[in-house]
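What follows is a set of notes on a single structure, which appears directly below.
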Amino acid sequence: MRVDEHGTRHSAEGATLVQDPVRTRGDVHLVLPAYNEAAALPRLLRRVADVEIAGRITVWVVDDGSSDGTGDCAAGVRGLDVRLVRHPVNLGLGQAVQSGLRAALSDAAPEDVVVVMDADDTHDPGVIPALLEEIATGSDIVICSRFAEGGDDSTAPRFRRFLSRGAAVVLGRALKVDGVQDYSSGFRAYRVSLLRRASAHWGERLVEERGFACMVELLMKLRHCSPVVTEIPLLLRYDRKPGASKLKLGRTLRQYLLLLTRDRLTPVPFKKL
C-alpha cells in the first residue's frame, strides 16, 4: 500500500483505492474456492490480513478435495477470521463456489457483501475496499474486469487471454448484461440481499456448472434479478501463480456453448426476482 501526494491510496499492484474509509454498513464474506493451492493460499491470506478492513472480513476457504494439504494452510493467520469448508473429493470450481456461497449466506447479515476471488494469489485483495465503495454507492454486483479502463492481464498465458477475450465477445452479444465487459472474471462482489433472492428461487441449482463456466452461469441467473452491475479494473498478477493453470481450453469452450444453449431453452423466471 502507498499514498500519493494527493492522499489517494494505491494497492501494491497500483490499483487506485478510495480516498476515505469505506462507509458500507455490513461486513465482508470472502469466498476462496481452492484446489491444491497450498503453495499460494498462505501468502494470499497474509495479504488479506493486511487489508485495512481485515477486521470486518470473514474468509471462507473451500478445500475442494485437495491432496496437498490446502485445508491445513487455512489456519493460523493472525488477525483474520478464517473458516474452512471441506469437500472430501474434488467436485470442481462450480461446486466449490456453490458451497462457499451457501456457507457465507448462512452466516451473513442482509447488509453484508460476499466477495469471491481466486485462491492462487493472482488477484489483489487490496481492492476489496474499492469493491465495497461501489456497493455502497448502489451497485449490486461489482466485477474486477480485465477489460475496464486500467485493467491488465498481460501476465496471463496466451491461451487464457484468447479464451477470456473470445468469451467477452460471444457472451456480450448473447447476454447483453448492462455494465458488463468481463463475463468470466472470477473476482467479484455481490450484495447479500441479491444472492438471497436468487438462492430462494434456484436453491441448489444456483450454480450447476462444475468448471470455470460457473462464473458466467451465476451472472446469467442473477441478471433475472435486474441487478446494477459495475466494473473496476483488474490487474491480474499471473506471475505470482505458483503452479500450472487448471483451466482446459477445449473443455471450457464446450461448457460456455452448452451454457448458452441451456439458457436459450430455459424459461425466464415467471415472477420477478
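Residue names in the C-alpha cells use chain letters A, B, ... in the order shown, residue numbers from 1 in each chain, and ligand numbers from 1 in the order shown.
Every protein, DNA or RNA residue with an atom at most 10 Å from Gly26 of chain A, where only C-alpha atoms count and chain neighbours fewer than 2 positions away do not, is listed here: Arg23, Thr24, Val28, His29, Arg56, Ile57, Ala108, Ala109, Pro110, Glu111, Asp112, Val113, Leu132, Ala136, Arg191 and Val192 of chain A.
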Next on the checklist: I need the strand (DSSP E) residues of segment 18-238 of chain A per DSSP on the backbone, written as a PyMOL selection string.
Outcome noted: chain A and resi 28-34+57-64+81-87+113-116+141-145+188-191+229-233
Hey, can you spit out that residue selection with N, CA and C atoms as a tab-separated table (two decimals), in the first residue's frame?
chain	number	residue	atom	x	y	z
A	28	VAL	N	-17.77	-8.20	5.31
A	28	VAL	CA	-17.40	-8.87	4.08
A	28	VAL	C	-17.21	-10.36	4.33
A	29	HIS	N	-17.80	-11.17	3.47
A	29	HIS	CA	-17.58	-12.62	3.48
A	29	HIS	C	-16.80	-12.97	2.21
A	30	LEU	N	-15.54	-13.33	2.39
A	30	LEU	CA	-14.64	-13.59	1.27
A	30	LEU	C	-14.59	-15.09	1.01
A	31	VAL	N	-15.07	-15.51	-0.16
A	31	VAL	CA	-15.11	-16.92	-0.53
A	31	VAL	C	-13.91	-17.24	-1.41
A	32	LEU	N	-13.11	-18.24	-0.99
A	32	LEU	CA	-11.92	-18.65	-1.72
A	32	LEU	C	-12.04	-20.13	-2.10
A	33	PRO	N	-12.55	-20.46	-3.29
A	33	PRO	CA	-12.55	-21.85	-3.73
A	33	PRO	C	-11.11	-22.28	-4.03
A	34	ALA	N	-10.67	-23.41	-3.44
A	34	ALA	CA	-9.26	-23.77	-3.53
A	34	ALA	C	-9.09	-25.26	-3.80
A	57	ILE	N	-13.64	-8.76	7.78
A	57	ILE	CA	-13.66	-9.81	6.76
A	57	ILE	C	-13.69	-11.19	7.41
A	58	THR	N	-14.65	-12.01	6.98
A	58	THR	CA	-14.66	-13.43	7.31
A	58	THR	C	-14.29	-14.18	6.04
A	59	VAL	N	-13.25	-15.01	6.11
A	59	VAL	CA	-12.77	-15.75	4.95
A	59	VAL	C	-13.31	-17.17	5.00
A	60	TRP	N	-13.92	-17.59	3.90
A	60	TRP	CA	-14.43	-18.96	3.77
A	60	TRP	C	-13.57	-19.68	2.72
A	61	VAL	N	-12.64	-20.51	3.19
A	61	VAL	CA	-11.81	-21.31	2.30
A	61	VAL	C	-12.53	-22.62	2.01
A	62	VAL	N	-12.80	-22.88	0.74
A	62	VAL	CA	-13.46	-24.13	0.35
A	62	VAL	C	-12.39	-25.04	-0.23
A	63	ASP	N	-11.98	-26.03	0.57
A	63	ASP	CA	-10.97	-27.00	0.14
A	63	ASP	C	-11.69	-28.07	-0.68
A	64	ASP	N	-11.50	-28.00	-1.99
A	64	ASP	CA	-12.26	-28.86	-2.92
A	64	ASP	C	-11.52	-30.19	-3.18
A	81	ASP	N	-10.25	-13.86	10.50
A	81	ASP	CA	-11.24	-14.90	10.79
A	81	ASP	C	-11.36	-15.81	9.57
A	82	VAL	N	-10.74	-16.98	9.63
A	82	VAL	CA	-10.74	-17.92	8.51
A	82	VAL	C	-11.54	-19.16	8.90
A	83	ARG	N	-12.48	-19.53	8.05
A	83	ARG	CA	-13.31	-20.71	8.29
A	83	ARG	C	-13.18	-21.66	7.10
A	84	LEU	N	-13.15	-22.94	7.40
A	84	LEU	CA	-12.85	-23.95	6.38
A	84	LEU	C	-14.08	-24.77	6.04
A	85	VAL	N	-14.34	-24.92	4.75
A	85	VAL	CA	-15.37	-25.82	4.24
A	85	VAL	C	-14.64	-26.89	3.43
A	86	ARG	N	-14.87	-28.14	3.72
A	86	ARG	CA	-14.14	-29.22	3.05
A	86	ARG	C	-15.05	-30.04	2.16
A	87	HIS	N	-14.58	-30.33	0.94
A	87	HIS	CA	-15.17	-31.36	0.10
A	87	HIS	C	-14.28	-32.60	0.22
A	113	VAL	N	-21.68	-8.06	2.35
A	113	VAL	CA	-21.24	-8.24	0.97
A	113	VAL	C	-20.45	-9.54	0.88
A	114	VAL	N	-20.69	-10.30	-0.19
A	114	VAL	CA	-19.91	-11.51	-0.47
A	114	VAL	C	-18.94	-11.20	-1.60
A	115	VAL	N	-17.68	-11.49	-1.38
A	115	VAL	CA	-16.65	-11.34	-2.41
A	115	VAL	C	-16.10	-12.72	-2.74
A	116	VAL	N	-16.03	-13.04	-4.03
A	116	VAL	CA	-15.43	-14.30	-4.48
A	116	VAL	C	-14.17	-13.95	-5.26
A	141	ILE	N	-23.73	-5.89	-8.04
A	141	ILE	CA	-22.61	-6.75	-8.41
A	141	ILE	C	-21.48	-5.84	-8.89
A	142	VAL	N	-20.27	-6.12	-8.42
A	142	VAL	CA	-19.10	-5.39	-8.89
A	142	VAL	C	-18.09	-6.42	-9.41
A	143	ILE	N	-17.67	-6.25	-10.65
A	143	ILE	CA	-16.75	-7.19	-11.28
A	143	ILE	C	-15.39	-6.55	-11.42
A	144	CYS	N	-14.36	-7.26	-10.97
A	144	CYS	CA	-12.99	-6.84	-11.25
A	144	CYS	C	-12.68	-7.27	-12.68
A	145	SER	N	-12.56	-6.30	-13.57
A	145	SER	CA	-12.57	-6.56	-15.02
A	145	SER	C	-11.22	-6.32	-15.66
A	188	ARG	N	-15.25	-11.00	-7.91
A	188	ARG	CA	-16.48	-10.20	-7.91
A	188	ARG	C	-16.97	-9.96	-6.48
A	189	ALA	N	-17.79	-8.94	-6.34
A	189	ALA	CA	-18.51	-8.67	-5.10
A	189	ALA	C	-20.00	-8.70	-5.37
A	190	TYR	N	-20.75	-9.27	-4.43
A	190	TYR	CA	-22.20	-9.38	-4.56
A	190	TYR	C	-22.88	-8.85	-3.29
A	191	ARG	N	-23.94	-8.13	-3.48
A	191	ARG	CA	-24.77	-7.74	-2.35
A	191	ARG	C	-25.48	-8.99	-1.82
A	229	VAL	N	-24.94	-3.52	-12.20
A	229	VAL	CA	-23.61	-4.12	-12.31
A	229	VAL	C	-22.61	-3.05	-12.73
A	230	THR	N	-21.49	-2.99	-12.02
A	230	THR	CA	-20.41	-2.08	-12.40
A	230	THR	C	-19.10	-2.88	-12.42
A	231	GLU	N	-18.09	-2.28	-13.03
A	231	GLU	CA	-16.78	-2.91	-13.10
A	231	GLU	C	-15.70	-1.96	-12.60
A	232	ILE	N	-14.66	-2.54	-11.99
A	232	ILE	CA	-13.46	-1.79	-11.66
A	232	ILE	C	-12.29	-2.52	-12.31
A	233	PRO	N	-11.16	-1.86	-12.54
A	233	PRO	CA	-10.06	-2.52	-13.24
A	233	PRO	C	-9.47	-3.68	-12.45
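The interatomic distance for the pair atom CA of Ser154 of chain A and atom CA of Arg251 of chain A works out to 23.0 Å.
Minimum atom-to-atom distances from A:Leu194, A:Leu219, A:Leu234, A:Ile135 to Asp178 of chain A were compared using only C-alpha atoms, and the lowest value belongs to A:Leu219.
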Checklist outcome for this item: Counting only C-alpha atoms, closest pick from A:Asp124, A:Glu204, A:Asp182, A:Glu133 relative to Leu101 of chain A is A:Glu204
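Between atom CA of Ala213 of chain A and atom CA of Val180 of chain A lies a distance of 15.9 Å.
Proximity to Ser193 of chain A was assessed for A:Val207, A:Leu218, A:Cys225, A:Ala39 counting only C-alpha atoms; the smallest distance is recorded for A:Cys225.
Picture a line from atom CA of Leu105 of chain A to atom CA of Met117 of chain A; it runs 16.2 Å.
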